[in-house]
file work.tsv (TSV, C-alpha atoms)
chain	number	residue	atom	x	y	z
A	1	MET	CA	239.32	-11.61	-5.91
A	2	THR	CA	239.67	-13.72	-2.81
A	3	SER	CA	235.93	-13.71	-2.19
A	4	LEU	CA	235.26	-14.64	-5.80
A	5	MET	CA	237.73	-17.51	-5.52
A	6	SER	CA	236.10	-18.72	-2.31
A	7	ILE	CA	232.88	-19.23	-4.27
A	8	ALA	CA	234.13	-20.12	-7.76
A	9	GLY	CA	236.75	-22.51	-6.36
A	10	PRO	CA	234.37	-24.84	-4.54
A	11	ILE	CA	231.76	-24.63	-7.32
A	12	LEU	CA	234.42	-25.68	-9.82
A	13	MET	CA	235.57	-28.51	-7.52
A	14	GLY	CA	231.98	-29.70	-7.14
A	15	ALA	CA	231.38	-29.43	-10.87
A	16	VAL	CA	234.43	-31.56	-11.67
A	17	PHE	CA	233.26	-34.08	-9.06
A	18	GLY	CA	229.74	-34.15	-10.53
A	19	TYR	CA	231.13	-34.39	-14.06
A	20	LEU	CA	233.28	-37.37	-13.08
A	21	LEU	CA	230.38	-39.10	-11.28
A	22	GLN	CA	228.21	-38.80	-14.40
A	23	GLN	CA	231.06	-39.88	-16.72
A	24	GLY	CA	231.65	-42.84	-14.41
A	25	LYS	CA	227.97	-43.88	-14.64
A	26	VAL	CA	227.68	-43.97	-10.84
A	27	THR	CA	224.83	-41.44	-11.00
A	28	SER	CA	222.76	-44.34	-12.38
A	29	CYS	CA	220.48	-46.08	-9.91
A	30	ASN	CA	220.82	-49.28	-11.97
A	31	VAL	CA	224.61	-49.28	-11.65
A	32	ILE	CA	224.44	-48.73	-7.87
A	33	GLU	CA	221.79	-51.42	-7.29
A	34	ASN	CA	223.73	-53.88	-9.43
A	35	GLN	CA	226.84	-53.24	-7.36
A	36	PHE	CA	225.05	-54.47	-4.25
A	37	ARG	CA	223.77	-57.42	-6.30
A	38	LEU	CA	227.40	-58.11	-7.31
A	39	ARG	CA	226.53	-57.88	-11.01
A	40	ASP	CA	228.33	-54.65	-11.88
A	41	PHE	CA	231.52	-53.55	-10.13
A	42	THR	CA	231.65	-50.00	-11.46
A	43	VAL	CA	230.99	-48.38	-8.07
A	44	LEU	CA	233.72	-50.29	-6.26
A	45	LYS	CA	236.19	-49.74	-9.10
A	46	VAL	CA	235.62	-45.97	-8.97
A	47	MET	CA	235.82	-45.83	-5.17
A	48	GLY	CA	238.78	-48.19	-4.88
A	49	THR	CA	240.84	-46.30	-7.46
A	50	ALA	CA	239.92	-42.95	-5.91
A	51	ILE	CA	241.07	-44.20	-2.51
A	52	VAL	CA	244.40	-45.60	-3.77
A	53	VAL	CA	245.29	-42.72	-6.12
A	54	GLY	CA	243.97	-40.10	-3.70
A	55	GLY	CA	245.54	-41.79	-0.69
A	56	ILE	CA	249.06	-42.08	-2.08
A	57	GLY	CA	248.97	-38.46	-3.25
A	58	VAL	CA	247.64	-37.14	0.05
A	59	LEU	CA	250.21	-39.23	1.95
A	60	LEU	CA	253.00	-37.54	-0.04
A	61	LEU	CA	251.39	-34.11	0.42
A	62	VAL	CA	251.22	-34.67	4.19
A	63	ASP	CA	254.80	-35.94	4.33
A	64	THR	CA	256.05	-32.87	2.45
A	65	GLY	CA	254.09	-30.53	4.71
A	66	ASN	CA	251.61	-29.40	2.05
A	67	THR	CA	248.48	-30.50	3.87
A	68	LYS	CA	247.34	-32.32	6.98
A	69	TYR	CA	244.95	-35.15	7.75
A	70	TYR	CA	241.28	-34.41	8.39
A	71	VAL	CA	240.25	-37.62	10.13
A	72	LYS	CA	236.71	-38.10	11.43
A	73	ASP	CA	236.11	-39.23	15.01
A	74	ALA	CA	235.98	-42.97	15.50
A	75	ASN	CA	232.80	-43.06	17.57
A	76	MET	CA	232.56	-46.75	16.88
A	77	LEU	CA	228.93	-47.38	17.90
A	78	ALA	CA	227.59	-44.31	16.09
A	79	VAL	CA	229.60	-45.05	12.94
A	80	ALA	CA	228.51	-48.71	12.90
A	81	LEU	CA	224.82	-47.88	13.45
A	82	GLY	CA	224.95	-44.97	11.00
A	83	ALA	CA	226.69	-47.07	8.35
A	84	ALA	CA	224.11	-49.85	8.74
A	85	LEU	CA	221.27	-47.34	8.24
A	86	PHE	CA	223.21	-45.87	5.33
A	87	GLY	CA	223.47	-49.31	3.69
A	88	VAL	CA	219.72	-49.86	4.05
A	89	GLY	CA	218.95	-46.40	2.70
A	90	MET	CA	221.36	-46.70	-0.22
A	91	VAL	CA	219.76	-49.92	-1.49
A	92	VAL	CA	216.17	-48.67	-1.03
A	93	TYR	CA	216.91	-45.19	-2.45
A	94	GLY	CA	219.33	-46.45	-5.09
A	95	TYR	CA	221.72	-43.55	-4.60
A	96	CYS	CA	224.07	-42.10	-2.06
A	97	PRO	CA	223.78	-38.38	-1.24
A	98	GLY	CA	226.44	-37.18	-3.70
A	99	THR	CA	225.42	-39.35	-6.64
A	100	ALA	CA	221.77	-38.40	-6.02
A	101	LEU	CA	222.59	-34.72	-6.63
A	102	GLY	CA	224.23	-35.69	-9.91
A	103	ALA	CA	221.31	-37.95	-10.85
A	104	ILE	CA	218.76	-35.17	-10.29
A	105	ALA	CA	220.68	-33.00	-12.75
A	106	SER	CA	220.74	-35.78	-15.34
A	107	GLY	CA	216.97	-36.28	-15.28
A	108	SER	CA	216.18	-38.68	-12.43
A	109	VAL	CA	212.91	-37.52	-10.89
A	110	HIS	CA	212.81	-40.23	-8.22
A	111	ALA	CA	216.25	-39.07	-7.06
A	112	ALA	CA	214.71	-35.62	-6.50
A	113	VAL	CA	211.87	-37.14	-4.49
A	114	GLY	CA	214.43	-38.97	-2.36
A	115	ALA	CA	216.34	-35.71	-1.85
A	116	PHE	CA	213.32	-34.38	0.04
A	117	GLY	CA	213.51	-37.54	2.14
A	118	MET	CA	217.16	-36.70	2.81
A	119	ILE	CA	216.16	-33.25	4.02
A	120	VAL	CA	213.67	-34.87	6.40
A	121	GLY	CA	216.39	-37.28	7.56
A	122	ALA	CA	218.75	-34.39	8.31
A	123	ILE	CA	216.01	-32.57	10.26
A	124	LEU	CA	215.20	-35.72	12.25
A	125	TYR	CA	218.87	-36.08	13.12
A	126	ALA	CA	219.08	-32.49	14.33
A	127	LEU	CA	215.97	-32.98	16.47
A	128	SER	CA	217.33	-36.19	18.04
A	129	PHE	CA	220.88	-34.87	18.38
A	130	ASP	CA	220.84	-34.22	22.15
A	131	TRP	CA	219.79	-37.78	22.91
A	132	VAL	CA	222.19	-39.27	20.35
A	133	LYS	CA	225.05	-37.21	21.74
A	134	ALA	CA	224.37	-38.34	25.29
A	135	HIS	CA	223.79	-42.03	24.57
A	136	ILE	CA	225.45	-43.06	21.29
A	137	LEU	CA	228.22	-40.73	20.15
A	138	ASN	CA	230.21	-41.29	23.34
A	139	VAL	CA	230.19	-45.10	23.19
A	140	TRP	CA	233.57	-46.56	22.18
A	141	ALA	CA	234.81	-43.12	21.17
A	142	LEU	CA	238.39	-43.73	20.07
A	143	GLY	CA	239.10	-40.29	18.61
A	144	LYS	CA	240.66	-39.33	15.30
A	145	VAL	CA	242.73	-42.46	14.75
A	146	ARG	CA	244.22	-43.90	11.58
A	147	LEU	CA	244.86	-47.57	10.84
A	148	PRO	CA	248.66	-47.10	10.63
A	149	ASP	CA	248.63	-45.53	14.12
A	150	ILE	CA	246.76	-48.31	15.86
A	151	THR	CA	248.38	-51.24	14.03
A	152	GLY	CA	251.91	-49.99	13.47
A	153	VAL	CA	251.65	-51.15	9.84
A	154	PRO	CA	252.92	-48.28	7.64
A	155	ASP	CA	250.72	-46.47	5.10
A	156	GLY	CA	252.54	-47.81	2.05
A	157	VAL	CA	251.88	-51.40	3.07
A	158	TRP	CA	248.15	-50.72	3.50
A	159	PHE	CA	247.93	-49.21	0.01
A	160	ALA	CA	250.02	-51.92	-1.68
A	161	ILE	CA	248.30	-54.89	-0.06
A	162	GLY	CA	244.86	-53.23	-0.10
A	163	ALA	CA	245.07	-52.34	-3.79
A	164	GLY	CA	246.35	-55.79	-4.73
A	165	ALA	CA	243.74	-57.68	-2.72
A	166	PHE	CA	240.99	-55.36	-3.94
A	167	PHE	CA	241.88	-55.75	-7.63
A	168	PHE	CA	242.14	-59.53	-7.29
A	169	TRP	CA	238.78	-59.75	-5.48
A	170	VAL	CA	237.02	-57.55	-8.07
A	171	LYS	CA	238.38	-59.63	-10.96
A	172	ALA	CA	237.44	-62.93	-9.26
A	173	SER	CA	233.94	-61.65	-8.40
A	174	GLU	CA	233.39	-60.39	-11.95
A	175	ALA	CA	234.39	-63.80	-13.35
A	176	LYS	CA	232.01	-65.48	-10.91
A	177	ALA	CA	229.17	-63.12	-11.87
A	178	ARG	CA	229.78	-63.86	-15.57
A	179	ARG	CA	229.66	-67.62	-14.96
A	180	ALA	CA	226.41	-67.24	-12.99
A	181	GLN	CA	224.76	-65.26	-15.78
A	182	SER	CA	225.82	-67.50	-18.69
U	1	MET	CA	215.17	-31.26	-43.09
U	2	THR	CA	214.12	-34.81	-42.30
U	3	ILE	CA	217.54	-36.05	-43.23
U	4	MET	CA	219.17	-33.51	-40.97
U	5	THR	CA	216.97	-34.53	-38.03
U	6	ASP	CA	217.80	-38.15	-38.71
U	7	VAL	CA	221.49	-37.43	-38.63
U	8	VAL	CA	221.20	-35.48	-35.37
U	9	VAL	CA	219.06	-38.12	-33.69
U	10	GLY	CA	221.30	-40.88	-35.02
U	11	ASP	CA	224.39	-39.19	-33.63
U	12	ALA	CA	222.72	-38.59	-30.30
U	13	ARG	CA	221.80	-42.23	-30.06
U	14	LYS	CA	225.31	-43.33	-30.87
U	15	SER	CA	226.86	-41.10	-28.26
U	16	ARG	CA	224.37	-42.03	-25.55
U	17	ARG	CA	226.79	-44.38	-23.90
U	18	ILE	CA	229.79	-43.11	-22.03
U	19	ASP	CA	232.77	-45.40	-22.29
U	20	TRP	CA	235.04	-43.84	-19.71
U	21	SER	CA	236.80	-46.53	-17.68
U	22	PRO	CA	235.75	-46.59	-14.01
U	23	TYR	CA	239.46	-46.72	-13.15
U	24	LEU	CA	240.03	-43.47	-15.06
U	25	VAL	CA	237.09	-41.82	-13.27
U	26	GLY	CA	238.34	-43.11	-9.91
U	27	ALA	CA	241.83	-41.76	-10.60
U	28	GLY	CA	240.26	-38.41	-11.51
U	29	ILE	CA	238.42	-38.27	-8.18
U	30	GLY	CA	241.65	-39.25	-6.43
U	31	ILE	CA	243.52	-36.37	-8.06
U	32	LEU	CA	240.61	-34.03	-7.24
U	33	SER	CA	241.18	-35.08	-3.62
U	34	TRP	CA	244.79	-33.90	-3.78
U	35	VAL	CA	243.53	-30.44	-4.78
U	36	ALA	CA	240.81	-30.54	-2.10
U	37	PHE	CA	243.38	-31.38	0.61
U	38	ALA	CA	246.33	-29.23	-0.46
U	39	GLY	CA	244.53	-26.38	-2.24
U	40	PHE	CA	241.47	-25.89	-0.07
U	41	GLY	CA	242.14	-27.81	3.16
U	42	ASP	CA	238.66	-29.27	2.80
U	43	PRO	CA	238.26	-32.93	1.77
U	44	LEU	CA	235.43	-33.94	-0.59
U	45	GLY	CA	232.15	-34.45	1.28
U	46	VAL	CA	228.44	-33.94	0.87
U	47	THR	CA	226.27	-34.46	3.92
U	48	THR	CA	227.75	-31.92	6.36
U	49	ALA	CA	226.84	-29.13	3.97
U	50	PHE	CA	223.56	-30.90	3.25
U	51	SER	CA	222.47	-30.62	6.88
U	52	ARG	CA	223.40	-26.95	6.95
U	53	ILE	CA	221.02	-26.44	4.02
U	54	ALA	CA	218.36	-28.66	5.64
U	55	SER	CA	217.98	-26.07	8.41
U	56	LEU	CA	216.49	-23.72	5.79
U	57	PHE	CA	213.74	-26.26	5.14
U	58	ALA	CA	213.33	-26.98	8.84
U	59	ALA	CA	212.46	-23.39	9.75
U	60	PRO	CA	208.95	-23.36	8.23
U	61	VAL	CA	208.19	-26.80	9.74
U	62	ILE	CA	209.44	-26.53	13.32
U	63	GLY	CA	209.78	-22.75	13.49
U	64	SER	CA	212.91	-20.62	13.15
U	65	GLU	CA	213.05	-20.33	16.95
U	66	ALA	CA	213.45	-24.10	17.29
U	67	VAL	CA	216.11	-24.13	14.57
U	68	ALA	CA	218.05	-21.33	16.27
U	69	THR	CA	218.07	-23.09	19.64
U	70	ASN	CA	218.76	-26.58	18.26
U	71	SER	CA	222.13	-27.72	19.55
U	72	TYR	CA	223.04	-29.54	16.33
U	73	TRP	CA	222.45	-26.55	14.08
U	74	LYS	CA	224.22	-24.35	16.62
U	75	SER	CA	227.32	-26.44	16.00
U	76	MET	CA	226.57	-26.46	12.29
U	77	PRO	CA	224.74	-23.25	11.33
U	78	LEU	CA	223.71	-22.36	7.81
U	79	LYS	CA	226.57	-20.56	6.16
U	80	TRP	CA	227.61	-20.33	2.56
U	81	ASP	CA	230.94	-22.01	3.02
U	82	TYR	CA	233.16	-24.23	0.88
U	83	GLY	CA	231.02	-27.34	1.39
U	84	VAL	CA	227.75	-25.68	0.43
U	85	TRP	CA	229.20	-24.20	-2.78
U	86	PHE	CA	230.73	-27.58	-3.52
U	87	LEU	CA	227.20	-29.06	-3.35
U	88	VAL	CA	225.98	-26.46	-5.81
U	89	GLY	CA	228.72	-27.50	-8.21
U	90	ILE	CA	227.88	-31.23	-8.27
U	91	PRO	CA	224.61	-30.98	-10.25
U	92	LEU	CA	226.17	-28.39	-12.58
U	93	GLY	CA	228.99	-30.75	-13.52
U	94	ALA	CA	226.73	-33.77	-13.83
U	95	PHE	CA	224.32	-31.78	-16.01
U	96	LEU	CA	227.17	-30.68	-18.25
U	97	SER	CA	228.38	-34.25	-18.69
U	98	ALA	CA	224.85	-35.53	-19.34
U	99	ILE	CA	224.20	-32.90	-22.02
U	100	ILE	CA	227.56	-33.27	-23.75
U	101	SER	CA	227.43	-37.06	-23.75
U	102	GLY	CA	223.72	-37.24	-24.57
U	103	THR	CA	222.99	-39.30	-21.45
U	104	TRP	CA	220.41	-36.88	-19.99
U	105	ARG	CA	217.11	-38.71	-19.72
U	106	LEU	CA	213.95	-38.39	-17.71
U	107	GLU	CA	213.74	-41.31	-15.31
U	108	LEU	CA	210.70	-41.92	-13.11
U	109	VAL	CA	211.27	-45.61	-12.37
U	110	PRO	CA	214.72	-47.15	-12.97
U	111	GLU	CA	215.07	-50.44	-14.89
U	112	VAL	CA	216.27	-52.59	-11.97
U	113	TRP	CA	213.35	-51.41	-9.86
U	114	LYS	CA	210.83	-51.94	-12.68
U	115	GLU	CA	211.99	-55.53	-13.20
U	116	ARG	CA	211.43	-56.39	-9.56
U	117	PHE	CA	208.61	-54.12	-8.34
U	118	GLY	CA	206.77	-53.15	-11.53
U	119	PRO	CA	206.21	-49.79	-13.25
U	120	SER	CA	204.31	-48.02	-10.43
U	121	VAL	CA	205.71	-44.50	-10.12
U	122	PHE	CA	204.00	-43.98	-6.77
U	123	LYS	CA	205.62	-47.07	-5.24
U	124	ARG	CA	209.05	-46.00	-6.45
U	125	PHE	CA	208.61	-42.44	-5.17
U	126	VAL	CA	207.56	-43.67	-1.72
U	127	ALA	CA	210.58	-45.98	-1.55
U	128	ALA	CA	212.95	-43.24	-2.71
U	129	PHE	CA	211.55	-40.83	-0.12
U	130	LEU	CA	211.81	-43.34	2.75
U	131	GLY	CA	215.24	-44.47	1.58
U	132	GLY	CA	216.31	-40.82	1.52
U	133	ILE	CA	215.26	-40.32	5.14
U	134	VAL	CA	217.16	-43.41	6.30
U	135	ILE	CA	220.33	-42.73	4.30
U	136	MET	CA	220.66	-39.15	5.55
U	137	TYR	CA	219.95	-40.03	9.17
U	138	GLY	CA	222.59	-42.75	8.90
U	139	ALA	CA	225.08	-40.42	7.24
U	140	ARG	CA	224.75	-37.81	9.99
U	141	LEU	CA	224.97	-40.43	12.74
U	142	ALA	CA	228.09	-41.92	11.16
U	143	GLY	CA	229.53	-38.46	10.47
U	144	GLY	CA	229.82	-38.79	6.71
U	145	CYS	CA	228.70	-40.48	3.51
U	146	THR	CA	230.21	-42.35	0.60
U	147	SER	CA	232.24	-39.23	-0.23
U	148	GLY	CA	233.24	-37.88	3.18
U	149	HIS	CA	233.79	-41.22	4.87
U	150	GLY	CA	234.14	-43.58	1.91
U	151	ILE	CA	236.56	-41.69	-0.31
U	152	SER	CA	238.03	-38.87	1.78
U	153	GLY	CA	238.23	-40.91	4.99
U	154	GLY	CA	239.13	-44.14	3.22
U	155	LEU	CA	242.11	-42.55	1.49
U	156	GLN	CA	243.38	-41.25	4.85
U	157	LEU	CA	243.17	-44.81	6.21
U	158	ALA	CA	240.91	-43.53	8.99
U	159	LEU	CA	239.61	-46.20	11.35
U	160	SER	CA	236.13	-44.62	11.46
U	161	SER	CA	235.87	-44.54	7.68
U	162	TRP	CA	236.92	-48.14	7.13
U	163	LEU	CA	234.42	-49.25	9.76
U	164	PHE	CA	231.83	-47.22	7.84
U	165	LEU	CA	232.79	-48.78	4.49
U	166	ALA	CA	232.69	-52.33	5.83
U	167	VAL	CA	229.38	-52.05	7.71
U	168	MET	CA	227.71	-50.06	4.92
U	169	PHE	CA	228.70	-52.51	2.22
U	170	VAL	CA	227.80	-55.67	4.14
U	171	THR	CA	224.41	-54.22	5.19
U	172	GLY	CA	223.77	-53.20	1.59
U	173	LEU	CA	224.54	-56.71	0.34
U	174	VAL	CA	222.11	-58.26	2.83
U	175	VAL	CA	219.29	-55.76	2.18
U	176	SER	CA	219.80	-56.05	-1.58
U	177	ARG	CA	219.59	-59.83	-1.38
U	178	LEU	CA	216.31	-59.62	0.59
U	179	MET	CA	214.86	-56.91	-1.62
U	180	PHE	CA	215.66	-58.52	-4.97
U	181	ARG	CA	214.85	-62.07	-3.93
U	182	LYS	CA	212.38	-63.58	-6.38
U	183	ALA	CA	209.04	-63.84	-4.62
call {"tool": "encode", "arguments": {"input": "work.tsv", "output": "structure tokens"}}
result
Amino acid sequence: MTSLMSIAGPILMGAVFGYLLQQGKVTSCNVIENQFRLRDFTVLKVMGTAIVVGGIGVLLLVDTGNTKYYVKDANMLAVALGAALFGVGMVVYGYCPGTALGAIASGSVHAAVGAFGMIVGAILYALSFDWVKAHILNVWALGKVRLPDITGVPDGVWFAIGAGAFFFWVKASEAKARRAQS
Amino acid sequence: MTIMTDVVVGDARKSRRIDWSPYLVGAGIGILSWVAFAGFGDPLGVTTAFSRIASLFAAPVIGSEAVATNSYWKSMPLKWDYGVWFLVGIPLGAFLSAIISGTWRLELVPEVWKERFGPSVFKRFVAAFLGGIVIMYGARLAGGCTSGHGISGGLQLALSSWLFLAVMFVTGLVVSRLMFRKA
């Protein structure tokens, strides 16, 4: 029973995630490219809402002792360089790794071709890992820190101000995009 | 018979658009995160499991000896854990949604790409392949992707993840502007 659950559980979680990605149209290369062209804000709306709804829930779950934080290391140079490469790759590929898996299943052949590229990318990283570890991962390594810890500004304030500013910016940008297209 | 086919095709065409609000979908992913954190102790993420699986493909290329002694795969060996099964679930769910909503379609070259770079399938495949290499290398260097850093890390207000989100988005804007600039 436990072993079945340890397989069926994550498959179900992944399936719900994939279902939501497809329902949210973010498995479409067009939608993703048009986000970076500031013509379609679907991607940011999905991510922003997931962060706020997920974040407030997880905050309460942590406060009530039902879970803990799983924060990734702030190796600032590695994260900055990696994120820059990721931004380049996302615009050229037209997908991110998760949405690509959904896109393949909904008929995108070029997403499947890119998935082989992703396998090559992962292999290249493994082969260069020793050098990266010695020269990049240890630069400005600040550990598993959270914004409330380093700023003293409490979680609730981040979510309230972040959500407000985000919503306002999306609405203003959408209005601007509409004016530009008409 | 013809009439029946017409009705079926007509219905399929009508239902080919999904009108779920992106806010609703985002909220759904947020709630899924609660379950991932509290129920499984394993936040949503894609690329960690992806590199475990990549070692399978690496073995025939660089030899299983090299894979076994590689320090990265030693820290992250192939095992059928939560993350790997999660990856298996993603295409299943997306496929289900695409079939039910009638949005499954074969796509060789997406519209936005066609408008800018023409209908060449070869050109698009080369770009997708190269883009795939760069995005995965970047994801592993940064320690996560749009899911692991962007959503799971973002919702924890992690410093690393917000640095990732900011740099990724700004770089994407710049590259997109260069790539889609009218020649």
call {"tool": "interface_residues", "arguments": {"input": "work.tsv", "of": "chain U", "to": "chain A", "cutoff": "6 Å", "atoms": "only C-alpha atoms", "output": "count of residues only"}}
result
60
call {"tool": "atom_distance", "arguments": {"input": "work.tsv", "atom1": "CA of Gly144 in chain U", "atom2": "CA of Gly45 in chain U"}}
result
7.3 Å
call {"tool": "closest_residue", "arguments": {"input": "work.tsv", "among": "U:Ala36, U:Leu78, U:Leu165, U:Val126", "to": "Leu56 in chain U", "atoms": "only C-alpha atoms"}}
result
U:Leu78
call {"tool": "atom_distance", "arguments": {"input": "work.tsv", "atom1": "CA of Val35 in chain U", "atom2": "CA of Ala166 in chain U"}}
result
26.6 Å
call {"tool": "atom_distance", "arguments": {"input": "work.tsv", "atom1": "CA of Glu115 in chain U", "atom2": "CA of Lys176 in chain A"}}
result
22.5 Å
call {"tool": "decode", "arguments": {"input": "work.tsv", "residues": "range 63-77 of chain U", "atoms": "N, CA and C atoms", "output": "PDB file, in the first residue's frame"}}
result
ATOM      1  N   GLY U  63      29.811   6.239 -21.644  1.00  0.00           N
ATOM      2  CA  GLY U  63      30.144   4.989 -20.967  1.00  0.00           C
ATOM      3  C   GLY U  63      29.608   4.950 -19.546  1.00  0.00           C
ATOM      4  N   SER U  64      29.115   3.780 -19.114  1.00  0.00           N
ATOM      5  CA  SER U  64      28.491   3.702 -17.791  1.00  0.00           C
ATOM      6  C   SER U  64      29.530   3.874 -16.679  1.00  0.00           C
ATOM      7  N   GLU U  65      30.787   3.563 -17.018  1.00  0.00           N
ATOM      8  CA  GLU U  65      31.882   3.787 -16.059  1.00  0.00           C
ATOM      9  C   GLU U  65      31.986   5.262 -15.710  1.00  0.00           C
ATOM     10  N   ALA U  66      31.999   6.101 -16.758  1.00  0.00           N
ATOM     11  CA  ALA U  66      32.116   7.550 -16.573  1.00  0.00           C
ATOM     12  C   ALA U  66      30.919   8.116 -15.816  1.00  0.00           C
ATOM     13  N   VAL U  67      29.745   7.549 -16.074  1.00  0.00           N
ATOM     14  CA  VAL U  67      28.546   8.010 -15.360  1.00  0.00           C
ATOM     15  C   VAL U  67      28.664   7.654 -13.877  1.00  0.00           C
ATOM     16  N   ALA U  68      29.135   6.422 -13.611  1.00  0.00           N
ATOM     17  CA  ALA U  68      29.221   5.951 -12.229  1.00  0.00           C
ATOM     18  C   ALA U  68      30.228   6.753 -11.407  1.00  0.00           C
ATOM     19  N   THR U  69      31.297   7.222 -12.062  1.00  0.00           N
ATOM     20  CA  THR U  69      32.320   7.947 -11.313  1.00  0.00           C
ATOM     21  C   THR U  69      32.112   9.460 -11.340  1.00  0.00           C
ATOM     22  N   ASN U  70      31.124   9.927 -12.117  1.00  0.00           N
ATOM     23  CA  ASN U  70      30.873  11.363 -12.200  1.00  0.00           C
ATOM     24  C   ASN U  70      30.378  11.903 -10.850  1.00  0.00           C
ATOM     25  N   SER U  71      31.005  12.962 -10.380  1.00  0.00           N
ATOM     26  CA  SER U  71      30.676  13.433  -9.033  1.00  0.00           C
ATOM     27  C   SER U  71      29.270  14.017  -8.945  1.00  0.00           C
ATOM     28  N   TYR U  72      28.776  14.576 -10.055  1.00  0.00           N
ATOM     29  CA  TYR U  72      27.420  15.126 -10.020  1.00  0.00           C
ATOM     30  C   TYR U  72      26.386  14.019  -9.892  1.00  0.00           C
ATOM     31  N   TRP U  73      26.520  12.999 -10.728  1.00  0.00           N
ATOM     32  CA  TRP U  73      25.542  11.903 -10.655  1.00  0.00           C
ATOM     33  C   TRP U  73      25.731  11.056  -9.402  1.00  0.00           C
ATOM     34  N   LYS U  74      26.909  11.127  -8.783  1.00  0.00           N
ATOM     35  CA  LYS U  74      27.070  10.454  -7.489  1.00  0.00           C
ATOM     36  C   LYS U  74      26.174  11.124  -6.455  1.00  0.00           C
ATOM     37  N   SER U  75      26.117  12.463  -6.532  1.00  0.00           N
ATOM     38  CA  SER U  75      25.270  13.196  -5.584  1.00  0.00           C
ATOM     39  C   SER U  75      23.805  13.104  -6.001  1.00  0.00           C
ATOM     40  N   MET U  76      23.565  12.699  -7.241  1.00  0.00           N
ATOM     41  CA  MET U  76      22.203  12.699  -7.752  1.00  0.00           C
ATOM     42  C   MET U  76      21.996  11.486  -8.655  1.00  0.00           C
ATOM     43  N   PRO U  77      22.089  10.273  -8.063  1.00  0.00           N
ATOM     44  CA  PRO U  77      22.011   9.061  -8.879  1.00  0.00           C
ATOM     45  C   PRO U  77      20.601   8.830  -9.422  1.00  0.00           C
TER      46      PRO U  77
END
